[in-house]
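Participant: Provided herewith is a single structure, encoded as structure tokens, for subsequent inquiry.
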Amino acid sequence: NLLAAGKLMYQKGFDLLLQAFAKLDDPRFHLTILGRGKEEANLKGLAQRLGIKKRVTFAGFVDNPYPFMARADLFVLSSRFEGFPNVILESCACGTPVVAFACPGGLDEIIWEGVNGWLVENGNVDAFAEAVKAAVDCPLNKESVIRSVSERFGVVRITGKYEALFETIGKG
């Protein structure tokens with residue numbers, strides 16, 4: 001049960017994700033994609049051409065993605081580049097590890113290899129598919145995944161960092 005989420009646009013690399021998913025020629029894999037966007041029709045057409053249409057669900061926009069994240073075995077992020085990928089923090093906070101492209105945008109600050117996920121060479125769909133197989137065959141401990149982000153990015157920690165920053169600014 002693989003999950004991806006985001007606006008269906010070029011930046012998010014869902015076309016790369018579908019290509020990688022097509023390499024997972026195993027009926028145990030199903031991909032759910034949450035989100036809408038201008039690439040939706042193109043992506044559905046690509047899923048059809050790749051012969052994976054029956055194993056991919058385009059669920060559209062959902063107000064609350066957390067139940068999907070909590071039920072997923074793995075969250076997959078195929079972005080070509082990111083700002084700060086909050087969706088990775090959200091997935092890990094639900095105990096769901098991540099396979100992602102090592103794209104520009106801070107993923108290497110969030111994902112700890114083998115603790116809460118895996119990073120693969122940006123754009124390498126073969127490596128992405130292999131990482132998904134390996135991740136599913138060697139699941140991570142949900143509590144460790146949660147701790148990996150809550151200790152570094154939780155409300156108490158981040159609030160403290162902001163307070164320290166404001167104190168420094170205030171002292172001018």
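In the structure tokens, chains take the letters A, B, ... in the order shown, each chain's residues start at 1, and ligands count up from 1 in the order shown.
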Please give the complete set of residues from chain A that DSSP, run on the backbone, assigns to strand (DSSP E), formatted as a PyMOL selection string.
Facilitator: chain A and resi 2-5+31-34+56-60+74-77+98-101+117-120
Participant: Could you pull the residues within 10 Å of stretch 14-26 of chain A, counting only C-alpha atoms, minus those fewer than 2 positions along the same chain, as a ChimeraX atom specification?
Facilitator: /A:2,4-12,28-31,33,39-40,42-44,46-47,50-53,55-56,76-80,100-101,123-130,132-133
Participant: Using only C-alpha atoms, which of the listed residues (A:Phe58, A:Phe166, A:Gly35, A:Gly114) sits closest to A:Asn141?
Facilitator: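 Of the candidates, the smallest distance to A:Asn141 is held by A:Gly114.
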Participant: Kindly indicate which residue among A:Thr96, A:Ala59, A:Arg49, A:Ala135 lies nearest to A:Arg36, using only C-alpha atoms for the distances.
Facilitator: A:Ala59
Participant: Using atom CA of A:Val87 and atom CA of A:Phe75 as the two end points, give the distance in Å to one decimal.
Facilitator: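 Interatomic distance, atom CA of A:Val87 to atom CA of A:Phe75: 9.3 Å.
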Participant: Please list as an NGL selection string every residue within 7 Å of A:Trp118, counting only C-alpha atoms and excluding residues in the same chain fewer than 5 positions away.
Facilitator: :A and (98-100 or 111 or 113)
Participant: What does the file look like for those residues with C-alpha atoms, as a PDB file, in the first residue's frame?
Facilitator:
```pdb
ATOM      1  CA  VAL A  98       9.345   7.319   3.019  1.00  0.00           C
ATOM      2  CA  VAL A  99      11.142   6.536  -0.211  1.00  0.00           C
ATOM      3  CA  ALA A 100      12.051   9.749  -2.023  1.00  0.00           C
ATOM      4  CA  ILE A 111      15.134  11.442   6.032  1.00  0.00           C
ATOM      5  CA  GLU A 113      18.499   6.316   5.815  1.00  0.00           C
TER       6      GLU A 113
END
```
Participant: Using backbone DSSP assignments, extract all alpha helix (DSSP H) residues from stretch 19-161 of chain A; output them as an MDAnalysis selection string.
Facilitator: chainID A and resid 19:22 40:49 66:71 86:93 107:110 125:137 142:153 155:161
Participant: Just to be explicit: take each residue in the selection above, keep C-alpha atoms, and write the result as a short mmCIF file (atom, residue, chain, number, x, y, z; two decimals), in the first residue's frame.
Facilitator:
```cif
data_model
loop_
_atom_site.label_atom_id
_atom_site.label_comp_id
_atom_site.auth_asym_id
_atom_site.auth_seq_id
_atom_site.Cartn_x
_atom_site.Cartn_y
_atom_site.Cartn_z
CA GLN A 19 7.31 4.91 -14.41
CA ALA A 20 8.99 3.53 -11.27
CA PHE A 21 5.75 1.91 -10.13
CA ALA A 22 5.40 0.16 -13.51
CA GLU A 40 -4.13 14.78 -13.84
CA ALA A 41 -5.40 13.72 -17.27
CA ASN A 42 -1.84 13.21 -18.56
CA LEU A 43 -0.95 11.08 -15.53
CA LYS A 44 -4.05 8.93 -15.88
CA GLY A 45 -3.19 8.43 -19.55
CA LEU A 46 0.36 7.48 -18.61
CA ALA A 47 -0.91 4.92 -16.09
CA GLN A 48 -3.05 3.44 -18.86
CA ARG A 49 -0.14 3.30 -21.33
CA TYR A 66 -3.56 11.53 7.78
CA PRO A 67 -5.76 8.41 7.81
CA PHE A 68 -4.31 7.54 4.38
CA MET A 69 -0.79 8.11 5.70
CA ALA A 70 -1.37 6.02 8.81
CA ARG A 71 -2.70 3.08 6.74
CA ASN A 86 6.09 19.07 5.06
CA VAL A 87 4.35 16.00 3.65
CA ILE A 88 7.41 13.94 4.65
CA LEU A 89 7.16 15.16 8.24
CA GLU A 90 3.44 14.41 8.23
CA SER A 91 3.93 10.90 6.88
CA CYS A 92 6.67 10.10 9.38
CA ALA A 93 4.57 11.59 12.21
CA LEU A 107 15.01 15.99 2.24
CA ASP A 108 18.42 14.89 3.48
CA GLU A 109 17.75 16.89 6.65
CA ILE A 110 14.54 14.95 7.33
CA VAL A 125 13.23 5.47 -11.63
CA ASP A 126 15.04 2.11 -11.56
CA ALA A 127 16.67 2.94 -8.21
CA PHE A 128 13.34 4.25 -6.92
CA ALA A 129 11.58 0.98 -7.78
CA GLU A 130 14.36 -1.04 -6.15
CA ALA A 131 14.20 1.10 -3.00
CA VAL A 132 10.43 0.57 -2.77
CA LYS A 133 10.90 -3.22 -3.04
CA ALA A 134 13.62 -3.17 -0.39
CA ALA A 135 11.56 -0.95 1.92
CA VAL A 136 8.52 -3.20 1.74
CA ASP A 137 10.62 -6.31 2.29
CA LYS A 142 6.67 2.75 13.32
CA GLU A 143 7.62 4.20 16.71
CA SER A 144 11.18 4.84 15.52
CA VAL A 145 9.84 6.57 12.41
CA ILE A 146 7.64 8.81 14.57
CA ARG A 147 10.47 9.63 16.99
CA SER A 148 12.84 10.45 14.14
CA VAL A 149 10.80 13.52 13.26
CA SER A 150 9.05 14.40 16.52
CA GLU A 151 12.35 14.85 18.36
CA ARG A 152 13.77 17.14 15.67
CA PHE A 153 10.70 18.87 14.24
CA VAL A 155 6.17 21.69 18.25
CA VAL A 156 8.18 22.05 21.48
CA ARG A 157 11.53 21.87 19.68
CA ILE A 158 10.59 24.23 16.85
CA THR A 159 8.88 26.71 19.18
CA GLY A 160 12.06 26.84 21.26
CA LYS A 161 14.13 27.58 18.16
#
```
Participant: Do you have the atom CA of A:Val115-atom CA of A:Phe81 distance handy?
Facilitator: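 It comes out at 22.4 Å.
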